[in-house]
Each structure stands twice: as structure tokens, then as C-alpha cells.
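Colleague: Input structure: work_12.cif, which contains mmCIF, C-alpha atoms.
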```
data_start
#
loop_
_atom_site.label_atom_id
_atom_site.label_comp_id
_atom_site.auth_asym_id
_atom_site.auth_seq_id
_atom_site.Cartn_x
_atom_site.Cartn_y
_atom_site.Cartn_z
CA MET N 7 0.00 0.00 0.00
CA MET N 8 2.91 2.34 0.66
CA GLN N 9 4.15 1.85 -2.89
CA TYR N 10 0.90 1.61 -4.87
CA GLY N 11 -1.59 3.60 -2.78
CA ALA N 12 -4.77 2.77 -0.95
CA ASN N 13 -6.76 1.17 -3.77
CA LEU N 14 -4.82 -1.92 -4.85
CA GLY N 15 -7.80 -3.21 -6.78
CA GLU N 16 -9.63 -6.49 -6.48
CA PRO N 17 -9.12 -9.08 -5.12
CA HIS N 18 -6.88 -7.29 -2.58
CA THR N 19 -9.00 -4.21 -1.90
CA LYS N 20 -12.48 -3.00 -2.68
CA ALA N 21 -13.72 0.59 -2.71
CA LEU N 22 -16.96 0.81 -0.71
CA GLY N 23 -17.75 4.43 -1.52
CA ASP N 24 -17.40 7.77 0.25
CA GLY N 25 -13.66 7.17 0.76
CA LEU N 26 -14.05 3.87 2.62
CA PHE N 27 -12.05 0.85 1.46
CA GLU N 28 -11.93 -2.82 2.44
CA LEU N 29 -8.66 -4.76 2.63
CA ARG N 30 -9.17 -8.49 2.11
CA LEU N 31 -6.83 -10.89 3.89
CA LYS N 32 -6.62 -14.66 4.28
CA GLY N 33 -4.82 -16.22 7.23
CA SER N 34 -4.72 -19.28 9.44
CA GLU N 35 -7.60 -17.95 11.54
CA GLY N 36 -9.85 -17.43 8.51
CA ILE N 37 -10.80 -14.62 6.18
CA ALA N 38 -10.21 -11.18 7.66
CA ARG N 39 -11.42 -7.79 6.56
CA ILE N 40 -9.95 -4.43 7.47
CA PHE N 41 -11.82 -1.22 6.73
CA TYR N 42 -9.68 1.85 6.09
CA CYS N 43 -9.73 5.33 4.64
CA THR N 44 -7.18 7.80 3.36
CA LEU N 45 -6.48 11.30 4.53
CA VAL N 46 -4.64 14.23 2.98
CA GLY N 47 -0.94 13.52 2.64
CA ARG N 48 -1.42 9.88 1.62
CA ARG N 49 -2.06 8.76 5.20
CA ILE N 50 -3.90 5.46 5.45
CA VAL N 51 -6.02 5.03 8.58
CA MET N 52 -7.11 1.52 9.62
CA LEU N 53 -10.58 1.90 11.12
CA HIS N 54 -11.89 -1.55 12.02
CA SER N 55 -11.03 -5.22 11.48
CA PHE N 56 -12.86 -8.50 11.96
CA VAL N 57 -12.77 -12.16 10.91
CA LYS N 58 -15.56 -13.04 8.52
CA LYS N 59 -17.88 -15.84 9.55
CA THR N 60 -20.46 -15.47 6.78
CA GLN N 61 -20.40 -14.84 3.03
CA LYS N 62 -21.73 -11.28 3.36
CA THR N 63 -20.10 -8.54 5.42
CA PRO N 64 -22.30 -7.90 8.48
CA ALA N 65 -23.93 -4.47 8.42
CA HIS N 66 -22.89 -3.67 12.01
CA GLU N 67 -19.19 -4.20 11.12
CA LEU N 68 -19.52 -1.77 8.21
CA LYS N 69 -21.36 0.75 10.41
CA ILE N 70 -18.53 0.70 12.97
CA ALA N 71 -16.04 1.55 10.21
CA GLN N 72 -18.24 4.32 8.80
CA ASN N 73 -18.66 5.91 12.23
CA ARG N 74 -14.93 5.80 12.89
CA MET N 75 -14.16 7.24 9.46
CA ASN N 76 -16.49 10.17 10.16
CA GLU N 77 -14.73 10.78 13.51
CA VAL N 78 -11.28 10.70 11.91
CA LYS N 79 -12.21 12.98 9.03
CA HIS N 80 -13.87 15.52 11.33
CA GLU N 81 -10.72 15.69 13.46
CA HIS N 82 -8.69 16.79 10.43
#
```
Would it be possible to restate this file's structure as C-alpha cells?
Modeller:
Amino acid sequence: MMQYGANLGEPHTKALGDGLFELRLKGSEGIARIFYCTLVGRRIVMLHSFVKKTQKTPAHELKIAQNRMNEVKHEH
């Protein structure tokens, strides 16, 4: 991400709209998702992470990330 920027493209990242992105990771514990956003100056801010248990991303996980993104962007 430091070399290529925040949006690496699928299957690694997915743009969710309004400046929110999803980083898709696979590990020994399962499939993980990290929500992040970018700020001025190419800063990448990790907002929320979780291990997926279902096919679809739970709405409450997405809502946590959106709320945190709003907090971060209002601080700057």
C-alpha cells in the first residue's frame, strides 16, 4: 500500500464508496477484513477489522467503520 496507494484493486481491496475501502486478507484464523480510509498527505487510517464468519459482510461491522471514518475525518 505504501508503494501503490490505498486502492490496490480487487481481489486485494475494494472501494466501498465515500472514501471507505476494504482490505481483504486470508490467514490461518480465517478470512479477515480491514476497513480503512485515506487522509490528505497519503495517510492510510485503519478503522476496524474483523474475521468473517459469513459470506456477506455484516452491516454492524460496516457501520462501525463508517462511524470511525467520520470521527477521523472531522478531526482533520
Colleague: Give me, as an MDAnalysis selection string, all polymer residues having an atom no more than 12 Å from segment 18-24 of chain N, counting all atoms listed in the file and skipping those fewer than 6 positions away in the same chain.
Modeller: chainID N and resid 7 10:12 30:32 38:44 63 68:69 71:72 75:76 79
Colleague: Quote the spacing between atom CA of Leu45 of chain N and atom CA of Lys58 of chain N in Å to one decimal place.
Modeller: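 Distance between the two atoms: 26.3 Å.
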Colleague: Quick check, in Å to one decimal: how far apart do atom CA of Thr60 of chain N and atom CA of Gly36 of chain N lie?
Modeller: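 That distance, rounded to one decimal, is 10.9 Å.
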Colleague: Restricting the calculation to all atoms listed in the file, which member of N:Glu16, N:Leu26, N:Gly33, N:His80 is positioned closest to His54 of chain N?
Modeller: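 Of all the options, N:Leu26 lies closest to His54 of chain N.
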Colleague: Ranking N:Ile50, N:Phe56, N:Glu81, N:Pro64 by minimum distance to Phe27 of chain N and counting only C-alpha atoms, which one comes first?
Modeller: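 For Phe27 of chain N, the nearest of the given residues is N:Ile50.
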Colleague: If you measure from atom CA of Met52 of chain N to atom CA of Ile70 of chain N, what distance in Å do you get, rounded to one decimal?
Modeller: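 Atom CA of Ile70 of chain N lies 11.9 Å from atom CA of Met52 of chain N.
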